[in-house]
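Next comes run_34.pdb, with PDB, C-alpha atoms and all ligand atoms.
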MODEL        1
ATOM      1  CA  MET A  22     -66.113  33.401 183.160
ATOM      2  CA  GLU A  23     -63.149  35.529 182.099
ATOM      3  CA  THR A  24     -61.875  36.489 178.647
ATOM      4  CA  LEU A  25     -58.485  37.736 177.441
ATOM      5  CA  SER A  26     -57.878  39.154 173.960
ATOM      6  CA  VAL A  27     -54.360  38.869 172.643
ATOM      7  CA  GLU A  28     -52.352  39.505 169.502
ATOM      8  CA  ALA A  29     -50.203  36.795 167.895
ATOM      9  CA  PRO A  30     -47.555  38.382 165.650
ATOM     10  CA  ALA A  31     -46.023  36.925 162.489
ATOM     11  CA  LYS A  32     -42.250  36.600 162.124
ATOM     12  CA  ILE A  33     -39.972  36.780 159.145
ATOM     13  CA  ASN A  34     -36.574  35.086 158.831
ATOM     14  CA  LEU A  35     -33.739  37.461 158.041
ATOM     15  CA  GLY A  36     -31.537  34.703 156.669
ATOM     16  CA  LEU A  37     -32.031  30.985 157.295
ATOM     17  CA  ARG A  38     -29.363  28.361 157.310
ATOM     18  CA  ILE A  39     -30.129  24.660 157.673
ATOM     19  CA  ILE A  40     -27.211  22.996 159.393
ATOM     20  CA  ARG A  41     -28.052  19.308 159.570
ATOM     21  CA  LEU A  42     -30.702  16.626 159.921
ATOM     22  CA  ARG A  43     -30.741  15.443 163.529
ATOM     23  CA  SER A  44     -31.364  11.919 164.769
ATOM     24  CA  ASP A  45     -34.834  12.958 166.061
ATOM     25  CA  GLY A  46     -35.919  13.885 162.513
ATOM     26  CA  PHE A  47     -35.746  17.648 163.113
ATOM     27  CA  HIS A  48     -33.107  19.933 161.615
ATOM     28  CA  SER A  49     -30.752  22.204 163.432
ATOM     29  CA  LEU A  50     -30.730  25.628 161.907
ATOM     30  CA  GLU A  51     -29.633  29.198 162.388
ATOM     31  CA  SER A  52     -31.683  32.268 161.669
ATOM     32  CA  ILE A  53     -32.682  35.740 162.773
ATOM     33  CA  PHE A  54     -36.391  35.802 163.614
ATOM     34  CA  SER A  55     -37.968  39.231 163.525
ATOM     35  CA  THR A  56     -41.604  39.830 164.472
ATOM     36  CA  VAL A  57     -43.668  42.209 162.377
ATOM     37  CA  THR A  58     -46.892  44.129 162.903
ATOM     38  CA  LEU A  59     -49.013  41.630 160.936
ATOM     39  CA  SER A  60     -50.812  39.521 163.540
ATOM     40  CA  ASP A  61     -53.681  37.167 164.289
ATOM     41  CA  ARG A  62     -56.259  38.188 166.938
ATOM     42  CA  ILE A  63     -57.232  35.665 169.553
ATOM     43  CA  SER A  64     -59.688  35.768 172.405
ATOM     44  CA  VAL A  65     -59.519  33.083 175.068
ATOM     45  CA  THR A  66     -62.341  32.522 177.552
ATOM     46  CA  LEU A  67     -62.067  30.281 180.598
ATOM     47  CA  ASN A  68     -65.332  28.976 182.021
ATOM     48  CA  ARG A  69     -64.856  26.948 185.202
ATOM     49  CA  ASP A  70     -68.461  25.672 185.010
ATOM     50  CA  THR A  71     -68.087  23.897 181.653
ATOM     51  CA  VAL A  72     -65.751  21.340 180.122
ATOM     52  CA  GLY A  73     -64.034  20.891 176.768
ATOM     53  CA  ILE A  74     -62.570  23.188 174.179
ATOM     54  CA  SER A  75     -64.409  25.072 171.480
ATOM     55  CA  LEU A  76     -62.903  26.998 168.605
ATOM     56  CA  GLU A  77     -64.368  29.589 166.250
ATOM     57  CA  CYS A  78     -62.211  30.645 163.272
ATOM     58  CA  SER A  79     -62.602  33.713 161.059
ATOM     59  CA  GLY A  80     -60.470  35.600 158.535
ATOM     60  CA  ILE A  81     -58.028  33.650 156.346
ATOM     61  CA  PHE A  82     -58.791  29.904 156.286
ATOM     62  CA  SER A  83     -57.558  28.004 159.311
ATOM     63  CA  PRO A  84     -58.458  24.391 160.173
ATOM     64  CA  GLY A  85     -61.269  23.976 162.694
ATOM     65  CA  GLY A  86     -61.551  21.803 165.784
ATOM     66  CA  LYS A  87     -58.818  19.426 166.846
ATOM     67  CA  ASN A  88     -56.882  20.005 163.624
ATOM     68  CA  ASN A  89     -55.964  23.488 164.741
ATOM     69  CA  LEU A  90     -52.811  23.862 166.845
ATOM     70  CA  VAL A  91     -54.588  26.245 169.259
ATOM     71  CA  TRP A  92     -56.973  23.428 170.177
ATOM     72  CA  LYS A  93     -54.103  21.075 170.990
ATOM     73  CA  THR A  94     -52.425  23.929 172.870
ATOM     74  CA  ALA A  95     -55.415  24.529 175.134
ATOM     75  CA  GLU A  96     -55.880  20.805 175.747
ATOM     76  CA  THR A  97     -52.177  20.302 176.565
ATOM     77  CA  PHE A  98     -52.115  23.305 178.899
ATOM     78  CA  MET A  99     -55.260  22.301 180.832
ATOM     79  CA  ASN A 100     -53.928  18.761 181.286
ATOM     80  CA  ALA A 101     -50.429  19.893 182.297
ATOM     81  CA  ALA A 102     -51.820  22.433 184.756
ATOM     82  CA  SER A 103     -54.445  19.944 186.064
ATOM     83  CA  ILE A 104     -57.210  22.512 185.733
ATOM     84  CA  SER A 105     -60.784  21.584 184.942
ATOM     85  CA  GLY A 106     -63.010  23.954 183.012
ATOM     86  CA  GLY A 107     -63.999  24.854 179.493
ATOM     87  CA  VAL A 108     -61.931  26.952 177.096
ATOM     88  CA  THR A 109     -63.477  28.904 174.223
ATOM     89  CA  ILE A 110     -61.089  30.302 171.610
ATOM     90  CA  LYS A 111     -61.995  32.806 168.919
ATOM     91  CA  LEU A 112     -59.248  32.991 166.315
ATOM     92  CA  HIS A 113     -59.157  35.663 163.623
ATOM     93  CA  LYS A 114     -56.465  34.689 161.104
ATOM     94  CA  ASN A 115     -54.552  37.336 159.191
ATOM     95  CA  ILE A 116     -51.325  35.311 158.809
ATOM     96  CA  PRO A 117     -51.433  32.778 155.935
ATOM     97  CA  SER A 118     -50.615  29.202 156.903
ATOM     98  CA  PRO A 119     -48.525  27.540 155.674
ATOM     99  CA  GLY A 120     -46.595  30.684 154.979
ATOM    100  CA  GLY A 121     -43.207  30.466 156.690
ATOM    101  CA  MET A 122     -44.206  33.215 159.107
ATOM    102  CA  GLY A 123     -44.855  31.065 162.177
ATOM    103  CA  GLY A 124     -48.558  31.961 162.355
ATOM    104  CA  GLY A 125     -49.698  28.685 163.928
ATOM    105  CA  SER A 126     -46.809  28.702 166.411
ATOM    106  CA  SER A 127     -47.493  32.302 167.358
ATOM    107  CA  ASP A 128     -51.179  31.479 167.962
ATOM    108  CA  ALA A 129     -50.108  28.585 170.194
ATOM    109  CA  ALA A 130     -47.753  30.783 172.248
ATOM    110  CA  ALA A 131     -50.453  33.455 172.606
ATOM    111  CA  VAL A 132     -52.969  30.881 173.868
ATOM    112  CA  LEU A 133     -50.434  29.507 176.388
ATOM    113  CA  LEU A 134     -49.729  33.006 177.739
ATOM    114  CA  ALA A 135     -53.432  33.854 177.904
ATOM    115  CA  LEU A 136     -54.327  30.622 179.714
ATOM    116  CA  GLN A 137     -51.537  31.120 182.213
ATOM    117  CA  LYS A 138     -52.903  34.575 183.056
ATOM    118  CA  LEU A 139     -56.498  33.355 183.237
ATOM    119  CA  THR A 140     -55.673  30.416 185.512
ATOM    120  CA  ASN A 141     -52.737  31.863 187.519
ATOM    121  CA  SER A 142     -51.041  28.527 186.905
ATOM    122  CA  THR A 143     -47.303  28.210 187.486
ATOM    123  CA  VAL A 144     -46.923  25.334 185.022
ATOM    124  CA  ASP A 145     -43.735  25.572 182.915
ATOM    125  CA  LEU A 146     -44.889  27.044 179.587
ATOM    126  CA  LEU A 147     -41.569  26.523 177.832
ATOM    127  CA  SER A 148     -41.649  22.752 178.241
ATOM    128  CA  ILE A 149     -45.205  22.698 176.834
ATOM    129  CA  ALA A 150     -44.195  25.047 173.996
ATOM    130  CA  GLU A 151     -41.407  22.718 172.861
ATOM    131  CA  THR A 152     -43.874  19.855 172.441
ATOM    132  CA  LEU A 153     -46.204  22.003 170.324
ATOM    133  CA  GLY A 154     -43.781  23.215 167.656
ATOM    134  CA  SER A 155     -40.228  24.316 166.982
ATOM    135  CA  ASP A 156     -41.104  28.022 166.677
ATOM    136  CA  VAL A 157     -43.384  28.211 169.722
ATOM    137  CA  PRO A 158     -40.535  28.930 172.232
ATOM    138  CA  PHE A 159     -39.542  32.016 170.201
ATOM    139  CA  PHE A 160     -43.045  33.487 170.343
ATOM    140  CA  LEU A 161     -43.358  32.616 174.017
ATOM    141  CA  LEU A 162     -40.330  34.807 174.710
ATOM    142  CA  GLN A 163     -42.249  37.859 173.416
ATOM    143  CA  THR A 164     -39.076  39.499 172.168
ATOM    144  CA  PRO A 165     -39.218  41.524 168.923
ATOM    145  CA  SER A 166     -36.289  39.621 167.391
ATOM    146  CA  ALA A 167     -33.828  36.878 168.224
ATOM    147  CA  HIS A 168     -30.855  34.932 166.920
ATOM    148  CA  VAL A 169     -32.292  31.414 166.799
ATOM    149  CA  LYS A 170     -30.334  28.159 166.835
ATOM    150  CA  GLY A 171     -30.837  24.455 167.477
ATOM    151  CA  ARG A 172     -34.285  23.228 166.504
ATOM    152  CA  GLY A 173     -35.563  26.679 167.469
ATOM    153  CA  GLU A 174     -35.119  26.502 171.237
ATOM    154  CA  ILE A 175     -31.739  28.286 171.553
ATOM    155  CA  LEU A 176     -32.748  31.920 171.605
ATOM    156  CA  GLU A 177     -30.739  35.059 172.034
ATOM    157  CA  PRO A 178     -32.739  38.303 171.771
ATOM    158  CA  VAL A 179     -31.139  40.796 169.371
ATOM    159  CA  GLN A 180     -31.908  44.402 168.606
ATOM    160  CA  LEU A 181     -32.558  45.205 164.981
ATOM    161  CA  PRO A 182     -33.156  48.564 163.387
ATOM    162  CA  HIS A 183     -36.723  49.467 162.556
ATOM    163  CA  PHE A 184     -37.825  48.570 159.028
ATOM    164  CA  HIS A 185     -40.861  48.744 156.788
ATOM    165  CA  CYS A 186     -41.707  45.675 154.831
ATOM    166  CA  VAL A 187     -43.945  44.224 152.145
ATOM    167  CA  LEU A 188     -44.956  40.568 152.408
ATOM    168  CA  VAL A 189     -45.798  38.560 149.289
ATOM    169  CA  HIS A 190     -47.297  35.040 149.288
ATOM    170  CA  SER A 191     -46.711  33.048 146.100
ATOM    171  CA  GLY A 192     -50.132  31.377 146.413
ATOM    172  CA  GLU A 193     -48.666  27.890 146.555
ATOM    173  CA  ASN A 194     -49.169  25.337 149.290
ATOM    174  CA  ILE A 195     -45.793  24.362 150.766
ATOM    175  CA  PRO A 196     -46.174  22.620 154.130
ATOM    176  CA  THR A 197     -43.059  22.891 156.307
ATOM    177  CA  PRO A 198     -42.397  19.104 156.498
ATOM    178  CA  MET A 199     -42.422  18.984 152.666
ATOM    179  CA  ALA A 200     -39.808  21.742 152.456
ATOM    180  CA  PHE A 201     -37.525  20.005 154.960
ATOM    181  CA  LYS A 202     -37.975  16.699 153.108
ATOM    182  CA  LEU A 203     -36.841  18.413 149.913
ATOM    183  CA  TRP A 204     -33.774  19.618 151.750
ATOM    184  CA  ASP A 205     -32.991  16.073 152.955
ATOM    185  CA  GLU A 206     -33.425  14.590 149.494
ATOM    186  CA  HIS A 207     -31.768  17.288 147.419
ATOM    187  CA  THR A 208     -29.071  19.092 149.377
ATOM    188  CA  GLY A 209     -26.675  17.718 146.762
ATOM    189  CA  ASP A 210     -28.409  19.959 144.176
ATOM    190  CA  LEU A 211     -27.331  23.060 145.991
ATOM    191  CA  THR A 212     -24.260  24.914 144.949
ATOM    192  CA  GLU A 213     -21.481  25.287 147.450
ATOM    193  CA  ALA A 214     -22.152  29.016 147.457
ATOM    194  CA  CYS A 215     -25.693  28.443 148.613
ATOM    195  CA  ARG A 216     -24.654  26.048 151.313
ATOM    196  CA  ILE A 217     -21.965  28.119 152.916
ATOM    197  CA  SER A 218     -22.373  31.629 151.595
ATOM    198  CA  ASN A 219     -22.044  34.683 153.809
ATOM    199  CA  TYR A 220     -25.083  35.003 155.975
ATOM    200  CA  THR A 221     -24.868  38.727 156.152
ATOM    201  CA  ALA A 222     -28.220  38.913 157.898
ATOM    202  CA  LEU A 223     -26.768  36.793 160.670
ATOM    203  CA  ASN A 224     -23.891  39.197 160.974
ATOM    204  CA  PHE A 225     -26.209  41.582 162.728
ATOM    205  CA  GLY A 226     -23.367  43.830 163.822
ATOM    206  CA  ALA A 227     -23.310  45.071 160.213
ATOM    207  CA  TRP A 228     -26.917  46.207 160.266
ATOM    208  CA  HIS A 229     -27.215  49.880 159.536
ATOM    209  CA  GLU A 230     -23.540  50.625 159.915
ATOM    210  CA  GLY A 231     -23.687  52.883 156.912
ATOM    211  CA  LYS A 232     -25.484  50.167 154.944
ATOM    212  CA  PRO A 233     -29.166  50.248 154.185
ATOM    213  CA  PHE A 234     -29.724  46.572 154.955
ATOM    214  CA  PRO A 235     -27.820  43.299 154.803
ATOM    215  CA  VAL A 236     -27.053  42.716 151.150
ATOM    216  CA  LYS A 237     -27.921  39.038 151.177
ATOM    217  CA  LEU A 238     -30.765  37.541 153.144
ATOM    218  CA  ASP A 239     -30.019  33.985 152.051
ATOM    219  CA  ASN A 240     -32.400  31.177 152.831
ATOM    220  CA  HIS A 241     -31.416  27.564 152.199
ATOM    221  CA  PHE A 242     -34.937  26.656 151.116
ATOM    222  CA  LEU A 243     -34.979  29.192 148.289
ATOM    223  CA  THR A 244     -33.005  27.336 145.602
ATOM    224  CA  LEU A 245     -34.916  24.126 146.284
ATOM    225  CA  LEU A 246     -38.344  25.754 146.125
ATOM    226  CA  GLN A 247     -37.572  28.049 143.183
ATOM    227  CA  SER A 248     -36.976  25.121 140.849
ATOM    228  CA  ARG A 249     -40.155  23.296 141.901
ATOM    229  CA  PHE A 250     -42.757  26.009 142.449
ATOM    230  CA  PRO A 251     -43.324  28.449 139.566
ATOM    231  CA  GLY A 252     -44.963  31.016 141.848
ATOM    232  CA  VAL A 253     -41.911  31.007 144.133
ATOM    233  CA  ALA A 254     -39.626  31.527 141.122
ATOM    234  CA  ARG A 255     -41.830  34.336 139.804
ATOM    235  CA  THR A 256     -41.965  36.083 143.197
ATOM    236  CA  ALA A 257     -38.178  35.909 143.544
ATOM    237  CA  GLU A 258     -37.741  37.351 140.031
ATOM    238  CA  GLU A 259     -40.191  40.179 140.656
ATOM    239  CA  LEU A 260     -38.586  41.103 143.983
ATOM    240  CA  THR A 261     -35.103  41.016 142.471
ATOM    241  CA  ARG A 262     -36.245  43.692 140.012
ATOM    242  CA  LEU A 263     -37.579  45.791 142.876
ATOM    243  CA  THR A 264     -34.826  45.729 145.524
ATOM    244  CA  VAL A 265     -31.771  43.836 146.772
ATOM    245  CA  ASN A 266     -33.252  43.680 150.257
ATOM    246  CA  TRP A 267     -35.631  40.759 149.916
ATOM    247  CA  GLY A 268     -35.760  37.215 151.211
ATOM    248  CA  LEU A 269     -37.865  34.093 151.657
ATOM    249  CA  SER A 270     -39.402  33.684 155.098
ATOM    250  CA  GLY A 271     -38.935  30.292 156.777
ATOM    251  CA  SER A 272     -39.895  27.393 154.528
ATOM    252  CA  GLY A 273     -42.007  29.740 152.402
ATOM    253  CA  PRO A 274     -43.826  30.548 150.353
ATOM    254  CA  THR A 275     -44.025  34.064 151.806
ATOM    255  CA  PHE A 276     -41.344  36.517 150.751
ATOM    256  CA  TYR A 277     -40.510  39.892 152.257
ATOM    257  CA  ALA A 278     -38.955  43.050 150.881
ATOM    258  CA  LEU A 279     -37.439  45.476 153.394
ATOM    259  CA  PHE A 280     -37.504  49.242 153.148
ATOM    260  CA  ARG A 281     -36.298  52.071 155.306
ATOM    261  CA  SER A 282     -39.221  54.380 154.618
ATOM    262  CA  GLU A 283     -42.972  53.937 154.595
ATOM    263  CA  ALA A 284     -43.162  55.749 151.254
ATOM    264  CA  GLU A 285     -40.893  53.178 149.565
ATOM    265  CA  ALA A 286     -42.880  50.308 151.079
ATOM    266  CA  LYS A 287     -46.168  51.837 149.901
ATOM    267  CA  GLN A 288     -44.826  52.197 146.391
ATOM    268  CA  ALA A 289     -43.604  48.584 146.367
ATOM    269  CA  LYS A 290     -46.947  47.311 147.640
ATOM    270  CA  GLU A 291     -48.751  49.162 144.860
ATOM    271  CA  HIS A 292     -46.388  47.640 142.310
ATOM    272  CA  LEU A 293     -46.861  44.079 143.608
ATOM    273  CA  SER A 294     -50.597  44.115 144.376
ATOM    274  CA  GLY A 295     -52.575  42.379 141.656
ATOM    275  CA  LYS A 296     -49.511  40.407 140.554
ATOM    276  CA  PHE A 297     -49.679  38.039 143.533
ATOM    277  CA  PRO A 298     -52.608  36.623 145.505
ATOM    278  CA  TRP A 299     -51.590  38.129 148.861
ATOM    279  CA  VAL A 300     -49.534  41.290 149.338
ATOM    280  CA  VAL A 301     -49.439  43.025 152.730
ATOM    281  CA  ARG A 302     -47.484  45.977 154.073
ATOM    282  CA  CYS A 303     -46.245  45.980 157.669
ATOM    283  CA  GLN A 304     -43.332  47.042 159.882
ATOM    284  CA  SER A 305     -40.924  45.558 162.361
ATOM    285  CA  ARG A 306     -42.053  45.629 165.986
TER     286      ARG A 306
HETATM  287  O1  LIG B   1     -41.903  21.847 164.913
HETATM  288  P1  LIG B   1     -42.922  22.023 163.858
HETATM  289  O2  LIG B   1     -44.202  21.289 164.184
HETATM  290  O3  LIG B   1     -43.184  23.412 163.449
HETATM  291  O4  LIG B   1     -42.314  21.319 162.590
HETATM  292  C1  LIG B   1     -43.070  20.850 161.514
HETATM  293  C2  LIG B   1     -42.181  19.914 160.727
HETATM  294  O5  LIG B   1     -41.118  20.635 160.125
HETATM  295  C3  LIG B   1     -41.521  18.831 161.564
HETATM  296  O6  LIG B   1     -42.331  17.699 161.650
HETATM  297  C4  LIG B   1     -40.261  18.573 160.786
HETATM  298  O7  LIG B   1     -40.557  17.746 159.693
HETATM  299  C5  LIG B   1     -39.907  19.927 160.227
HETATM  300  N1  LIG B   1     -38.929  20.690 161.043
HETATM  301  C6  LIG B   1     -37.615  20.266 161.067
HETATM  302  N2  LIG B   1     -36.691  20.977 161.788
HETATM  303  C7  LIG B   1     -37.032  22.085 162.462
HETATM  304  C8  LIG B   1     -38.359  22.544 162.417
HETATM  305  C9  LIG B   1     -39.284  21.820 161.711
HETATM  306  O8  LIG B   1     -37.283  19.249 160.463
HETATM  307  N3  LIG B   1     -36.094  22.780 163.137
ENDMDL
END

Kindly present the structure from the file in C-alpha cells form.
Amino acid sequence: METLSVEAPAKINLGLRIIRLRSDGFHSLESIFSTVTLSDRISVTLNRDTVGISLECSGIFSPGGKNNLVWKTAETFMNAASISGGVTIKLHKNIPSPGGMGGGSSDAAAVLLALQKLTNSTVDLLSIAETLGSDVPFFLLQTPSAHVKGRGEILEPVQLPHFHCVLVHSGENIPTPMAFKLWDEHTGDLTEACRISNYTALNFGAWHEGKPFPVKLDNHFLTLLQSRFPGVARTAEELTRLTVNWGLSGSGPTFYALFRSEAEAKQAKEHLSGKFPWVVRCQSR
C-alpha cells in the first residue's frame, strides 16, 4: 500500500474571450490561465490487494462517491492503464465549486499525476485528461500560467509577473454549462464593445511595462451574469470601487482583484470580508 499527497491549485482567468460554439457543443475560447496559491489537498492511496474506489471529502462541500470528478478520474485511469487494485482518495476542498477556478479539473489532474507515479504506468495522461474536462489538460501541464485556446487543449506556457490577489465568491450557484448556455442564447444582448474589445490581459507583452496591471481584464461571461445574478452585479460594483485591476474568473461566480503588494491585498481583504460569503487572499504561483 502506497500513498501520495498532492496539491491541486486553483486558477484564475486573466481575460476570457468566447469565440464560437463548436459543432461538438463545446466553445472555442481564448484566455490566460494563471494558477494561484489557493489549492485543494488530495491524498491518493493505491492498494493492490483490494478493488474499487473510495472517496472521503472534507472542507468546502464537494459531491461524494461517483458524482465527484476525482472518482471518475481514478476509474478511468485504472481502466486505461489496465491495473487492478483499490484506490482510496482523501480530498480536502478549499476551492469553491462551481467557482470558475477550475477546482474540479485541478483535482482530476492531480489524481492522474499521483496515480501515474504510484503505478509507474506509461498510459497517455493527456488523452485521459481531455475526456475528463476542458480545463484538465492545463492543470496536467503543471505550468504556473498559460495562454489557452481551443476548447482548452491548445496551451502555450507564459510567464507573468508575480501578483497578490483577493478572491471573492458572490455566493450564487452558476454551473459552467448554464453560463455557456446563456452565452449561446443571449450573445445578441452583448454590446459590440464587449464582444470585440481589447483583451489587454491577452496582450501579455504589456504586463508590467511601466503599467501596474492590464487595465481591462474583460470576461465575456460578465455582462450576461451581471444582469441575472444580483450577487455578481454587487461584487462587480464593489470591486470597481476598490481597484481597476479586477475580473471575473472563468464562468464565475468568483472574482479576483490583483495587487502588487501584500499590504494592499490585506487591506482589500479586510474591506471585502463580511460583505461577501467567501473572501480569500492568495498569490500567483
Ligand atoms: O469540459 P467541462 O466538463 O469542464 O465542461 C463543462 C460544460 O461547460 C460542458 O458540458 C459545456 O457545456 C461547457 N463548456 C463549453 N466549452 C468549453 C468548456 C466548457 O461549452 N470550452

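Note that the spacing between atom CA of A:Pro119 and atom CA of A:Asp156 amounts to 13.3 Å.
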
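Proximity of A:Thr66, A:Ser83, A:Thr197, A:Gln288 to A:Ile116, computed with all atoms listed in the file, is greatest for A:Ser83.
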
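Interatomic distance, atom CA of A:Ile74 against atom CA of A:Arg172: 29.3 Å.
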
Q. Near A:Lys93, within 12 Å and counting all atoms listed in the file, which residues show up once chain neighbours fewer than 4 positions away are dropped, as a PyMOL selection string?
A. chain A and resi 73-76+85-89+97-101+108+110+125-126+128-130+132-133+149-150+152-154

A:Glu193 surroundings by all atoms listed in the file, 12 Å radius, close-in-sequence under 5 positions cut, as an mmCIF file with C-alpha atoms, keeping the file's coordinate frame:
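The resulting file, selection26.cif, is reproduced below:
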data_model
loop_
_atom_site.group_PDB
_atom_site.id
_atom_site.type_symbol
_atom_site.label_atom_id
_atom_site.label_comp_id
_atom_site.auth_asym_id
_atom_site.auth_seq_id
_atom_site.Cartn_x
_atom_site.Cartn_y
_atom_site.Cartn_z
ATOM 1 C CA PRO A 117 -51.433 32.778 155.935
ATOM 2 C CA SER A 118 -50.615 29.202 156.903
ATOM 3 C CA PRO A 119 -48.525 27.540 155.674
ATOM 4 C CA GLY A 120 -46.595 30.684 154.979
ATOM 5 C CA GLY A 121 -43.207 30.466 156.690
ATOM 6 C CA LEU A 246 -38.344 25.754 146.125
ATOM 7 C CA GLN A 247 -37.572 28.049 143.183
ATOM 8 C CA ARG A 249 -40.155 23.296 141.901
ATOM 9 C CA PHE A 250 -42.757 26.009 142.449
ATOM 10 C CA PRO A 251 -43.324 28.449 139.566
ATOM 11 C CA GLY A 252 -44.963 31.016 141.848
ATOM 12 C CA VAL A 253 -41.911 31.007 144.133
ATOM 13 C CA ALA A 254 -39.626 31.527 141.122
ATOM 14 C CA ARG A 255 -41.830 34.336 139.804
ATOM 15 C CA THR A 256 -41.965 36.083 143.197
ATOM 16 C CA SER A 272 -39.895 27.393 154.528
ATOM 17 C CA GLY A 273 -42.007 29.740 152.402
ATOM 18 C CA PRO A 274 -43.826 30.548 150.353
ATOM 19 C CA THR A 275 -44.025 34.064 151.806
ATOM 20 C CA PHE A 297 -49.679 38.039 143.533
ATOM 21 C CA PRO A 298 -52.608 36.623 145.505
ATOM 22 C CA TRP A 299 -51.590 38.129 148.861
#

Using all atoms listed in the file, which residues have at least one atom no more than 9 Å from ligand LIG 1 (chain B)? Output them as an mmCIF file with C-alpha atoms, in the frame of the given file.
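File produced: out_7.cif:
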data_model
loop_
_atom_site.group_PDB
_atom_site.id
_atom_site.type_symbol
_atom_site.label_atom_id
_atom_site.label_comp_id
_atom_site.auth_asym_id
_atom_site.auth_seq_id
_atom_site.Cartn_x
_atom_site.Cartn_y
_atom_site.Cartn_z
ATOM 1 C CA ILE A 39 -30.129 24.660 157.673
ATOM 2 C CA LEU A 42 -30.702 16.626 159.921
ATOM 3 C CA ARG A 43 -30.741 15.443 163.529
ATOM 4 C CA ASP A 45 -34.834 12.958 166.061
ATOM 5 C CA GLY A 46 -35.919 13.885 162.513
ATOM 6 C CA PHE A 47 -35.746 17.648 163.113
ATOM 7 C CA HIS A 48 -33.107 19.933 161.615
ATOM 8 C CA SER A 49 -30.752 22.204 163.432
ATOM 9 C CA LEU A 50 -30.730 25.628 161.907
ATOM 10 C CA GLY A 123 -44.855 31.065 162.177
ATOM 11 C CA GLY A 125 -49.698 28.685 163.928
ATOM 12 C CA SER A 126 -46.809 28.702 166.411
ATOM 13 C CA GLU A 151 -41.407 22.718 172.861
ATOM 14 C CA THR A 152 -43.874 19.855 172.441
ATOM 15 C CA LEU A 153 -46.204 22.003 170.324
ATOM 16 C CA GLY A 154 -43.781 23.215 167.656
ATOM 17 C CA SER A 155 -40.228 24.316 166.982
ATOM 18 C CA ASP A 156 -41.104 28.022 166.677
ATOM 19 C CA VAL A 157 -43.384 28.211 169.722
ATOM 20 C CA LYS A 170 -30.334 28.159 166.835
ATOM 21 C CA GLY A 171 -30.837 24.455 167.477
ATOM 22 C CA ARG A 172 -34.285 23.228 166.504
ATOM 23 C CA GLY A 173 -35.563 26.679 167.469
ATOM 24 C CA GLU A 174 -35.119 26.502 171.237
ATOM 25 C CA PRO A 196 -46.174 22.620 154.130
ATOM 26 C CA THR A 197 -43.059 22.891 156.307
ATOM 27 C CA PRO A 198 -42.397 19.104 156.498
ATOM 28 C CA MET A 199 -42.422 18.984 152.666
ATOM 29 C CA ALA A 200 -39.808 21.742 152.456
ATOM 30 C CA PHE A 201 -37.525 20.005 154.960
ATOM 31 C CA LYS A 202 -37.975 16.699 153.108
ATOM 32 C CA SER A 272 -39.895 27.393 154.528
#

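Atom pair atom CA of A:Leu112 / atom CA of A:Gly295: separated by 27.2 Å.
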
Matched chain/residue IDs from the PyMOL selection byres (((chain A and resi 137) around 12) and not hetatm), as a compact mmCIF listing (two decimals) with C-alpha atoms, in the coordinates of the input:
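Everything below was put into result_12.txt:
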# COMPACT_ATOMS: atom_id res chain seq x y z
CA LEU A 25 -58.48 37.74 177.44
CA VAL A 65 -59.52 33.08 175.07
CA THR A 66 -62.34 32.52 177.55
CA LEU A 67 -62.07 30.28 180.60
CA THR A 94 -52.42 23.93 172.87
CA ALA A 95 -55.42 24.53 175.13
CA PHE A 98 -52.12 23.30 178.90
CA MET A 99 -55.26 22.30 180.83
CA ALA A 101 -50.43 19.89 182.30
CA ALA A 102 -51.82 22.43 184.76
CA ILE A 104 -57.21 22.51 185.73
CA ALA A 130 -47.75 30.78 172.25
CA ALA A 131 -50.45 33.46 172.61
CA VAL A 132 -52.97 30.88 173.87
CA LEU A 133 -50.43 29.51 176.39
CA LEU A 134 -49.73 33.01 177.74
CA ALA A 135 -53.43 33.85 177.90
CA LEU A 136 -54.33 30.62 179.71
CA LYS A 138 -52.90 34.58 183.06
CA LEU A 139 -56.50 33.35 183.24
CA THR A 140 -55.67 30.42 185.51
CA ASN A 141 -52.74 31.86 187.52
CA SER A 142 -51.04 28.53 186.90
CA THR A 143 -47.30 28.21 187.49
CA VAL A 144 -46.92 25.33 185.02
CA ASP A 145 -43.74 25.57 182.92
CA LEU A 146 -44.89 27.04 179.59
CA LEU A 147 -41.57 26.52 177.83
CA ILE A 149 -45.20 22.70 176.83
CA LEU A 161 -43.36 32.62 174.02

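Of the residues under consideration (A:Ile33, A:Ala257, A:Met22, A:Leu269), A:Met22 shows the shortest atom-to-atom contact distance to A:Thr71 when counting only C-alpha atoms.
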
(Q) For stretch 175-179 of chain A, find every residue with an atom within 9 Å (counting all atoms listed in the file), except residues of its own chain fewer than 5 positions away, and show them as a count of residues only. (A) 12

Take every atom of stretch 163-180 of chain A listed in the file, fit an axis-aligned box around them, add 6 Å per side, and give the centre and edge lengths in Å to one decimal as lines of an AutoDock Vina configuration file.
center_x = -36.3
center_y = 33.8
center_z = 170.0
size_x = 23.9
size_y = 33.2
size_z = 18.9

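Residues within 7 Å of stretch 27-29 of chain A, counting all atoms listed in the file and excluding same-chain residues fewer than 5 positions away, are Ser60, Asp61, Arg62, Ile63, Ser64, Ser127, Asp128 and Ala131 of chain A.
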
Q) Hey, what's within 10 Å of A:Leu245 if we count all atoms listed in the file and toss same-chain stuff fewer than 5 positions away? As a ChimeraX atom specification, please? A) /A:200-201,203-204,207-208,210-211,240,250
